file my_file03.pdb (PDB, C-alpha atoms, pLDDT in the B column)
MODEL        1
ATOM      1  CA  PRO M  17     -20.476  37.776  15.273  1.00 90.00           C
ATOM      2  CA  LEU M  18     -17.265  39.518  16.356  1.00 93.00           C
ATOM      3  CA  GLY M  19     -15.180  36.352  15.971  1.00 94.00           C
ATOM      4  CA  ALA M  20     -16.383  35.866  12.413  1.00 95.00           C
ATOM      5  CA  TYR M  21     -15.738  39.496  11.560  1.00 94.00           C
ATOM      6  CA  LEU M  22     -12.223  39.421  13.011  1.00 95.00           C
ATOM      7  CA  TYR M  23     -11.309  36.176  11.261  1.00 96.00           C
ATOM      8  CA  LEU M  24     -12.884  36.991   7.891  1.00 94.00           C
ATOM      9  CA  GLY M  25     -11.717  40.597   8.040  1.00 93.00           C
ATOM     10  CA  ALA M  26      -8.124  39.543   8.644  1.00 96.00           C
ATOM     11  CA  THR M  27      -8.243  36.871   5.926  1.00 95.00           C
ATOM     12  CA  VAL M  28      -9.773  39.148   3.306  1.00 94.00           C
ATOM     13  CA  THR M  29      -7.458  42.026   4.247  1.00 95.00           C
ATOM     14  CA  VAL M  30      -4.364  39.858   3.787  1.00 96.00           C
ATOM     15  CA  ALA M  31      -5.707  38.600   0.455  1.00 95.00           C
ATOM     16  CA  ALA M  32      -6.496  42.154  -0.696  1.00 93.00           C
ATOM     17  CA  VAL M  33      -3.027  43.427   0.234  1.00 94.00           C
ATOM     18  CA  ILE M  34      -1.371  40.557  -1.644  1.00 94.00           C
ATOM     19  CA  ASP M  35      -3.652  41.218  -4.620  1.00 91.00           C
ATOM     20  CA  ALA M  36      -2.762  44.923  -4.565  1.00 89.00           C
ATOM     21  CA  ARG M  37       0.971  44.177  -4.540  1.00 90.00           C
ATOM     22  CA  THR M  38       1.098  41.290  -7.010  1.00 88.00           C
ATOM     23  CA  LEU M  39      -2.094  41.639  -9.101  1.00 85.00           C
ATOM     24  CA  LYS M  40      -2.810  38.029  -8.144  1.00 87.00           C
ATOM     25  CA  MET M  41      -5.328  37.050  -5.491  1.00 88.00           C
ATOM     26  CA  PRO M  42      -3.959  34.350  -3.159  1.00 88.00           C
ATOM     27  CA  ASN M  43      -6.770  31.868  -3.670  1.00 83.00           C
ATOM     28  CA  VAL M  44      -5.197  29.458  -1.184  1.00 90.00           C
ATOM     29  CA  LEU M  45      -6.339  31.730   1.686  1.00 91.00           C
ATOM     30  CA  LEU M  46      -9.947  32.166   0.670  1.00 94.00           C
ATOM     31  CA  PRO M  47     -11.695  28.761   0.291  1.00 95.00           C
ATOM     32  CA  PRO M  48     -10.922  27.625   3.871  1.00 95.00           C
ATOM     33  CA  ALA M  49     -12.511  30.858   5.122  1.00 96.00           C
ATOM     34  CA  TYR M  50     -15.943  29.740   3.885  1.00 96.00           C
ATOM     35  CA  PRO M  51     -16.587  26.917   6.371  1.00 97.00           C
ATOM     36  CA  ILE M  52     -14.836  28.790   9.180  1.00 97.00           C
ATOM     37  CA  GLY M  53     -16.786  32.007   8.560  1.00 96.00           C
ATOM     38  CA  VAL M  54     -20.104  30.204   8.159  1.00 97.00           C
ATOM     39  CA  GLY M  55     -19.396  28.199  11.314  1.00 97.00           C
ATOM     40  CA  LEU M  56     -18.533  31.279  13.349  1.00 97.00           C
ATOM     41  CA  LEU M  57     -21.662  33.098  12.179  1.00 97.00           C
ATOM     42  CA  ALA M  58     -23.774  30.010  12.894  1.00 98.00           C
ATOM     43  CA  ALA M  59     -22.352  29.967  16.419  1.00 97.00           C
ATOM     44  CA  ALA M  60     -23.225  33.651  16.805  1.00 96.00           C
ATOM     45  CA  ALA M  61     -26.777  32.981  15.595  1.00 97.00           C
ATOM     46  CA  ALA M  62     -27.117  30.040  17.975  1.00 97.00           C
ATOM     47  CA  ALA M  63     -25.851  32.145  20.875  1.00 96.00           C
ATOM     48  CA  ASP M  64     -28.375  34.889  20.089  1.00 92.00           C
ATOM     49  CA  GLY M  65     -31.167  32.474  19.275  1.00 94.00           C
ATOM     50  CA  TRP M  66     -31.989  34.565  16.194  1.00 93.00           C
ATOM     51  CA  TRP M  67     -31.231  32.793  12.914  1.00 97.00           C
ATOM     52  CA  TRP M  68     -32.424  35.291  10.303  1.00 97.00           C
ATOM     53  CA  PRO M  69     -29.118  37.250  10.114  1.00 96.00           C
ATOM     54  CA  PHE M  70     -27.306  33.966   9.517  1.00 97.00           C
ATOM     55  CA  GLY M  71     -29.753  32.899   6.807  1.00 97.00           C
ATOM     56  CA  ARG M  72     -29.511  36.298   5.158  1.00 98.00           C
ATOM     57  CA  ALA M  73     -25.696  36.099   5.275  1.00 98.00           C
ATOM     58  CA  VAL M  74     -25.658  32.698   3.567  1.00 98.00           C
ATOM     59  CA  ILE M  75     -28.125  33.885   0.906  1.00 98.00           C
ATOM     60  CA  ALA M  76     -26.025  37.016   0.347  1.00 98.00           C
ATOM     61  CA  MET M  77     -22.848  34.945   0.109  1.00 98.00           C
ATOM     62  CA  ALA M  78     -24.356  32.767  -2.612  1.00 98.00           C
ATOM     63  CA  ALA M  79     -25.897  35.733  -4.458  1.00 97.00           C
ATOM     64  CA  VAL M  80     -22.717  37.816  -4.560  1.00 97.00           C
ATOM     65  CA  ALA M  81     -20.579  34.828  -5.547  1.00 96.00           C
ATOM     66  CA  ALA M  82     -23.036  33.944  -8.329  1.00 97.00           C
ATOM     67  CA  PHE M  83     -23.106  37.559  -9.546  1.00 94.00           C
ATOM     68  CA  TYR M  84     -19.300  37.774  -9.591  1.00 92.00           C
ATOM     69  CA  LEU M  85     -19.068  34.381 -11.302  1.00 93.00           C
ATOM     70  CA  ALA M  86     -21.396  35.620 -14.039  1.00 93.00           C
ATOM     71  CA  LEU M  87     -19.210  38.715 -14.461  1.00 89.00           C
ATOM     72  CA  ALA M  88     -16.053  36.584 -14.601  1.00 89.00           C
ATOM     73  CA  LEU M  89     -17.580  34.290 -17.216  1.00 91.00           C
ATOM     74  CA  VAL M  90     -18.735  37.217 -19.342  1.00 90.00           C
ATOM     75  CA  ALA M  91     -15.267  38.784 -19.107  1.00 79.00           C
ATOM     76  CA  GLY M  92     -13.656  35.485 -20.018  1.00 75.00           C
ATOM     77  CA  GLY M  93     -11.455  35.553 -16.921  1.00 63.00           C
ATOM     78  CA  ARG M  94      -9.428  38.474 -18.281  1.00 68.00           C
ATOM     79  CA  ARG M  95     -10.683  41.157 -15.921  1.00 72.00           C
ATOM     80  CA  MET M  96     -12.024  39.149 -13.014  1.00 81.00           C
ATOM     81  CA  GLY M  97     -10.784  35.771 -11.922  1.00 84.00           C
ATOM     82  CA  LEU M  98     -12.241  32.976  -9.844  1.00 88.00           C
ATOM     83  CA  ALA M  99     -10.295  34.155  -6.787  1.00 89.00           C
ATOM     84  CA  ASP M 100     -12.182  37.466  -7.023  1.00 90.00           C
ATOM     85  CA  VAL M 101     -15.401  35.450  -7.163  1.00 92.00           C
ATOM     86  CA  THR M 102     -14.318  33.577  -4.033  1.00 93.00           C
ATOM     87  CA  MET M 103     -13.548  36.833  -2.262  1.00 94.00           C
ATOM     88  CA  GLY M 104     -16.908  38.223  -3.351  1.00 94.00           C
ATOM     89  CA  GLY M 105     -18.711  35.375  -1.614  1.00 96.00           C
ATOM     90  CA  LEU M 106     -16.881  36.097   1.637  1.00 96.00           C
ATOM     91  CA  VAL M 107     -17.674  39.797   1.343  1.00 96.00           C
ATOM     92  CA  GLY M 108     -21.319  38.864   0.734  1.00 97.00           C
ATOM     93  CA  LEU M 109     -21.286  36.698   3.866  1.00 97.00           C
ATOM     94  CA  LEU M 110     -20.065  39.576   6.009  1.00 95.00           C
ATOM     95  CA  LEU M 111     -22.345  42.187   4.470  1.00 97.00           C
ATOM     96  CA  GLY M 112     -25.358  39.889   4.508  1.00 97.00           C
ATOM     97  CA  TRP M 113     -25.123  39.475   8.276  1.00 96.00           C
ATOM     98  CA  VAL M 114     -25.440  43.253   8.641  1.00 95.00           C
ATOM     99  CA  GLY M 115     -28.420  43.590   6.301  1.00 96.00           C
ATOM    100  CA  TRP M 116     -29.633  43.980   2.754  1.00 96.00           C
ATOM    101  CA  SER M 117     -28.842  47.690   2.584  1.00 96.00           C
ATOM    102  CA  ALA M 118     -25.270  47.059   3.764  1.00 96.00           C
ATOM    103  CA  LEU M 119     -24.978  44.339   1.124  1.00 97.00           C
ATOM    104  CA  SER M 120     -26.135  46.522  -1.747  1.00 96.00           C
ATOM    105  CA  THR M 121     -24.142  49.518  -0.512  1.00 96.00           C
ATOM    106  CA  GLY M 122     -20.964  47.493  -0.053  1.00 96.00           C
ATOM    107  CA  VAL M 123     -21.139  45.869  -3.477  1.00 96.00           C
ATOM    108  CA  VAL M 124     -21.894  49.149  -5.251  1.00 96.00           C
ATOM    109  CA  LEU M 125     -19.166  51.006  -3.332  1.00 96.00           C
ATOM    110  CA  GLY M 126     -16.661  48.298  -4.213  1.00 95.00           C
ATOM    111  CA  TRP M 127     -17.375  48.730  -7.899  1.00 92.00           C
ATOM    112  CA  LEU M 128     -17.259  52.524  -7.615  1.00 95.00           C
ATOM    113  CA  VAL M 129     -13.828  52.270  -5.975  1.00 94.00           C
ATOM    114  CA  ALA M 130     -12.754  49.938  -8.799  1.00 90.00           C
ATOM    115  CA  LEU M 131     -14.036  52.403 -11.396  1.00 89.00           C
ATOM    116  CA  ALA M 132     -12.134  55.249  -9.746  1.00 90.00           C
ATOM    117  CA  ALA M 133      -8.990  53.112  -9.642  1.00 87.00           C
ATOM    118  CA  VAL M 134      -9.307  52.259 -13.342  1.00 82.00           C
ATOM    119  CA  LEU M 135      -9.665  55.923 -14.209  1.00 83.00           C
ATOM    120  CA  VAL M 136      -6.539  57.013 -12.320  1.00 81.00           C
ATOM    121  CA  ARG M 137      -4.275  53.959 -12.637  1.00 70.00           C
ATOM    122  CA  ARG M 138      -1.185  54.039 -14.802  1.00 62.00           C
ATOM    123  CA  PRO M 139       0.624  50.873 -15.873  1.00 56.00           C
ATOM    124  CA  GLN M 140       3.293  49.848 -13.377  1.00 57.00           C
ATOM    125  CA  HIS M 141       4.568  46.823 -15.259  1.00 56.00           C
ATOM    126  CA  ARG M 142       5.868  46.675 -18.808  1.00 57.00           C
ATOM    127  CA  GLY M 143       3.111  45.544 -21.147  1.00 55.00           C
ATOM    128  CA  GLN M 144       0.342  46.144 -18.606  1.00 53.00           C
ATOM    129  CA  ARG M 145      -2.757  47.939 -19.835  1.00 55.00           C
ATOM    130  CA  ALA M 146      -3.691  51.201 -18.110  1.00 53.00           C
ATOM    131  CA  GLY M 147      -7.077  49.899 -16.953  1.00 57.00           C
ATOM    132  CA  VAL M 148      -5.811  46.792 -15.146  1.00 70.00           C
ATOM    133  CA  ILE M 149      -6.388  46.963 -11.404  1.00 82.00           C
ATOM    134  CA  PRO M 150      -6.594  44.419  -8.617  1.00 87.00           C
ATOM    135  CA  ALA M 151     -10.285  43.940  -7.877  1.00 88.00           C
ATOM    136  CA  GLY M 152      -9.848  42.489  -4.384  1.00 90.00           C
ATOM    137  CA  PRO M 153      -8.818  45.671  -2.565  1.00 93.00           C
ATOM    138  CA  CYS M 154     -11.612  47.638  -4.235  1.00 93.00           C
ATOM    139  CA  LEU M 155     -14.286  45.116  -3.338  1.00 93.00           C
ATOM    140  CA  TRP M 156     -13.016  44.875   0.241  1.00 94.00           C
ATOM    141  CA  LEU M 157     -12.819  48.656   0.691  1.00 95.00           C
ATOM    142  CA  GLY M 158     -16.434  49.039  -0.434  1.00 95.00           C
ATOM    143  CA  ALA M 159     -17.540  46.319   1.973  1.00 95.00           C
ATOM    144  CA  LEU M 160     -15.541  47.759   4.853  1.00 94.00           C
ATOM    145  CA  VAL M 161     -17.035  51.219   4.395  1.00 95.00           C
ATOM    146  CA  ALA M 162     -20.554  49.728   4.255  1.00 95.00           C
ATOM    147  CA  VAL M 163     -20.036  47.708   7.455  1.00 92.00           C
ATOM    148  CA  LEU M 164     -18.593  50.699   9.300  1.00 91.00           C
ATOM    149  CA  ALA M 165     -21.404  52.962   8.083  1.00 93.00           C
ATOM    150  CA  ALA M 166     -24.024  50.435   9.180  1.00 91.00           C
ATOM    151  CA  SER M 167     -22.525  50.183  12.656  1.00 79.00           C
ATOM    152  CA  ARG M 168     -22.980  53.900  13.354  1.00 72.00           C
TER     153      ARG M 168
ENDMDL
END
call {"tool": "encode", "arguments": {"input": "my_file03.pdb", "output": "structure tokens"}}
result
Amino acid sequence: PLGAYLYLGATVTVAAVIDARTLKMPNVLLPPAYPIGVGLLAAAAAADGWWWPFGRAVIAMAAVAAFYLALALVAGGRRMGLADVTMGGLVGLLLGWVGWSALSTGVVLGWLVALAAVLVRRPQHRGQRAGVIPAGPCLWLGALVAVLAASR
């Protein structure tokens, strides 16, 4: 799965950096990563001859995206946008390949990082509320820590 991890990792990292700098997730980068990431993981599963990690990754992708979509709908799009939902699905795809514990750990860590960021963030732009943070970098950092911890 190294190819998928390199591609998706680079794509999500670029999106998270842009989100951190502009407070706007570059949604143009994320949707094309779905078929490419799924295809690369399917190729990895076919090469190994073991399909369960791929199935788990696809289930995790759908579950995390659905969870984030529900949160975005409840928040009315003010705190979490559809680009964050899209990124969440990609994070779920990566974490799901590793396993259920990596998935739950990565999602929870992402939200803990976001909570910490909300608590310490000061407004940088005129008119910005103190609690406004870019979700993308937080979600990605939680996922990255979970993947690295699982690979030990």
call {"tool": "closest_residue", "arguments": {"input": "my_file03.pdb", "among": "M:Val123, M:Ala63, M:Ala130, M:Leu39", "to": "Leu110 (chain M)", "atoms": "all atoms listed in the file"}}
result
M:Val123
call {"tool": "residues_around", "arguments": {"input": "my_file03.pdb", "residues": "Thr29 (chain M)", "least_positions_apart": "3", "cutoff": "8 Å", "atoms": "only C-alpha atoms", "output": "MDAnalysis selection string"}}
result
chainID M and resid 25:26 32:33 153 156
call {"tool": "axis_aligned_box", "arguments": {"input": "my_file03.pdb", "around": "region 69-75 of chain M", "padding_each_side": "3 Å", "output": "JSON"}}
result
{"center_x": -27.7, "center_y": 35.0, "center_z": 5.5, "size_x": 10.1, "size_y": 10.6, "size_z": 15.2}
call {"tool": "atom_distance", "arguments": {"input": "my_file03.pdb", "atom1": "CA of Tyr21 (chain M)", "atom2": "CA of Gly104 (chain M)"}}
result
15.0 Å
call {"tool": "residues_near_point", "arguments": {"input": "my_file03.pdb", "point": "(-20.2, 31.6, 11.8)", "cutoff": "12 Å", "atoms": "only C-alpha atoms", "output": "MDAnalysis selection string"}}
result
chainID M and resid 17:24 49:63 67 69:71 73:74 106 109:110 113
call {"tool": "closest_residue", "arguments": {"input": "my_file03.pdb", "among": "M:Val80, M:Ala162, M:Ala36, M:Ala86", "to": "Ala118 (chain M)", "atoms": "only C-alpha atoms"}}
result
M:Ala162
call {"tool": "resolve_selection", "arguments": {"input": "my_file03.pdb", "expression": "the PyMOL selection byres ((chain M and resi 165) around 12)", "output": "ChimeraX atom specification"}}
result
/M:111,114-115,117-119,121-122,125,158-164,166-168
call {"tool": "write_last_selection", "arguments": {"input": "my_file03.pdb", "atoms": "C-alpha atoms", "output": "PDB file, in the frame of the given file"}}
result
ATOM      1  CA  LEU M 111     -22.345  42.187   4.470  1.00 97.00           C
ATOM      2  CA  VAL M 114     -25.440  43.253   8.641  1.00 95.00           C
ATOM      3  CA  GLY M 115     -28.420  43.590   6.301  1.00 96.00           C
ATOM      4  CA  SER M 117     -28.842  47.690   2.584  1.00 96.00           C
ATOM      5  CA  ALA M 118     -25.270  47.059   3.764  1.00 96.00           C
ATOM      6  CA  LEU M 119     -24.978  44.339   1.124  1.00 97.00           C
ATOM      7  CA  THR M 121     -24.142  49.518  -0.512  1.00 96.00           C
ATOM      8  CA  GLY M 122     -20.964  47.493  -0.053  1.00 96.00           C
ATOM      9  CA  LEU M 125     -19.166  51.006  -3.332  1.00 96.00           C
ATOM     10  CA  GLY M 158     -16.434  49.039  -0.434  1.00 95.00           C
ATOM     11  CA  ALA M 159     -17.540  46.319   1.973  1.00 95.00           C
ATOM     12  CA  LEU M 160     -15.541  47.759   4.853  1.00 94.00           C
ATOM     13  CA  VAL M 161     -17.035  51.219   4.395  1.00 95.00           C
ATOM     14  CA  ALA M 162     -20.554  49.728   4.255  1.00 95.00           C
ATOM     15  CA  VAL M 163     -20.036  47.708   7.455  1.00 92.00           C
ATOM     16  CA  LEU M 164     -18.593  50.699   9.300  1.00 91.00           C
ATOM     17  CA  ALA M 166     -24.024  50.435   9.180  1.00 91.00           C
ATOM     18  CA  SER M 167     -22.525  50.183  12.656  1.00 79.00           C
ATOM     19  CA  ARG M 168     -22.980  53.900  13.354  1.00 72.00           C
TER      20      ARG M 168
END
call {"tool": "residues_around", "arguments": {"input": "my_file03.pdb", "residues": "Gly126 (chain M)", "least_positions_apart": "2", "cutoff": "6 Å", "atoms": "all atoms listed in the file", "output": "compact mmCIF listing (two decimals) with C-alpha atoms, in the coordinates of the input"}}
result
# COMPACT_ATOMS: atom_id res chain seq x y z
CA VAL M 123 -21.14 45.87 -3.48
CA VAL M 124 -21.89 49.15 -5.25
CA LEU M 128 -17.26 52.52 -7.62
CA VAL M 129 -13.83 52.27 -5.98
CA CYS M 154 -11.61 47.64 -4.24
CA LEU M 155 -14.29 45.12 -3.34
CA GLY M 158 -16.43 49.04 -0.43
call {"tool": "closest_residue", "arguments": {"input": "my_file03.pdb", "among": "M:Pro42, M:Val90, M:Pro150, M:Ala79", "to": "Gly105 (chain M)", "atoms": "all atoms listed in the file"}}
result
M:Ala79
call {"tool": "atom_distance", "arguments": {"input": "my_file03.pdb", "atom1": "CA of Leu131 (chain M)", "atom2": "CA of Gly92 (chain M)"}}
result
19.0 Å
call {"tool": "resolve_selection", "arguments": {"input": "my_file03.pdb", "expression": "the PyMOL selection byres ((chain M and resi 44) around 12)", "output": "VMD selection string"}}
result
chain M and resid 27 to 28 30 to 31 34 40 to 43 45 to 50 98 to 99 102 to 103
call {"tool": "atom_distance", "arguments": {"input": "my_file03.pdb", "atom1": "CA of Val107 (chain M)", "atom2": "CA of Leu85 (chain M)"}}
result
13.8 Å
call {"tool": "closest_residue", "arguments": {"input": "my_file03.pdb", "among": "M:Trp127, M:Gly112, M:Ala133, M:Leu157", "to": "Ala76 (chain M)", "atoms": "only C-alpha atoms"}}
result
M:Gly112
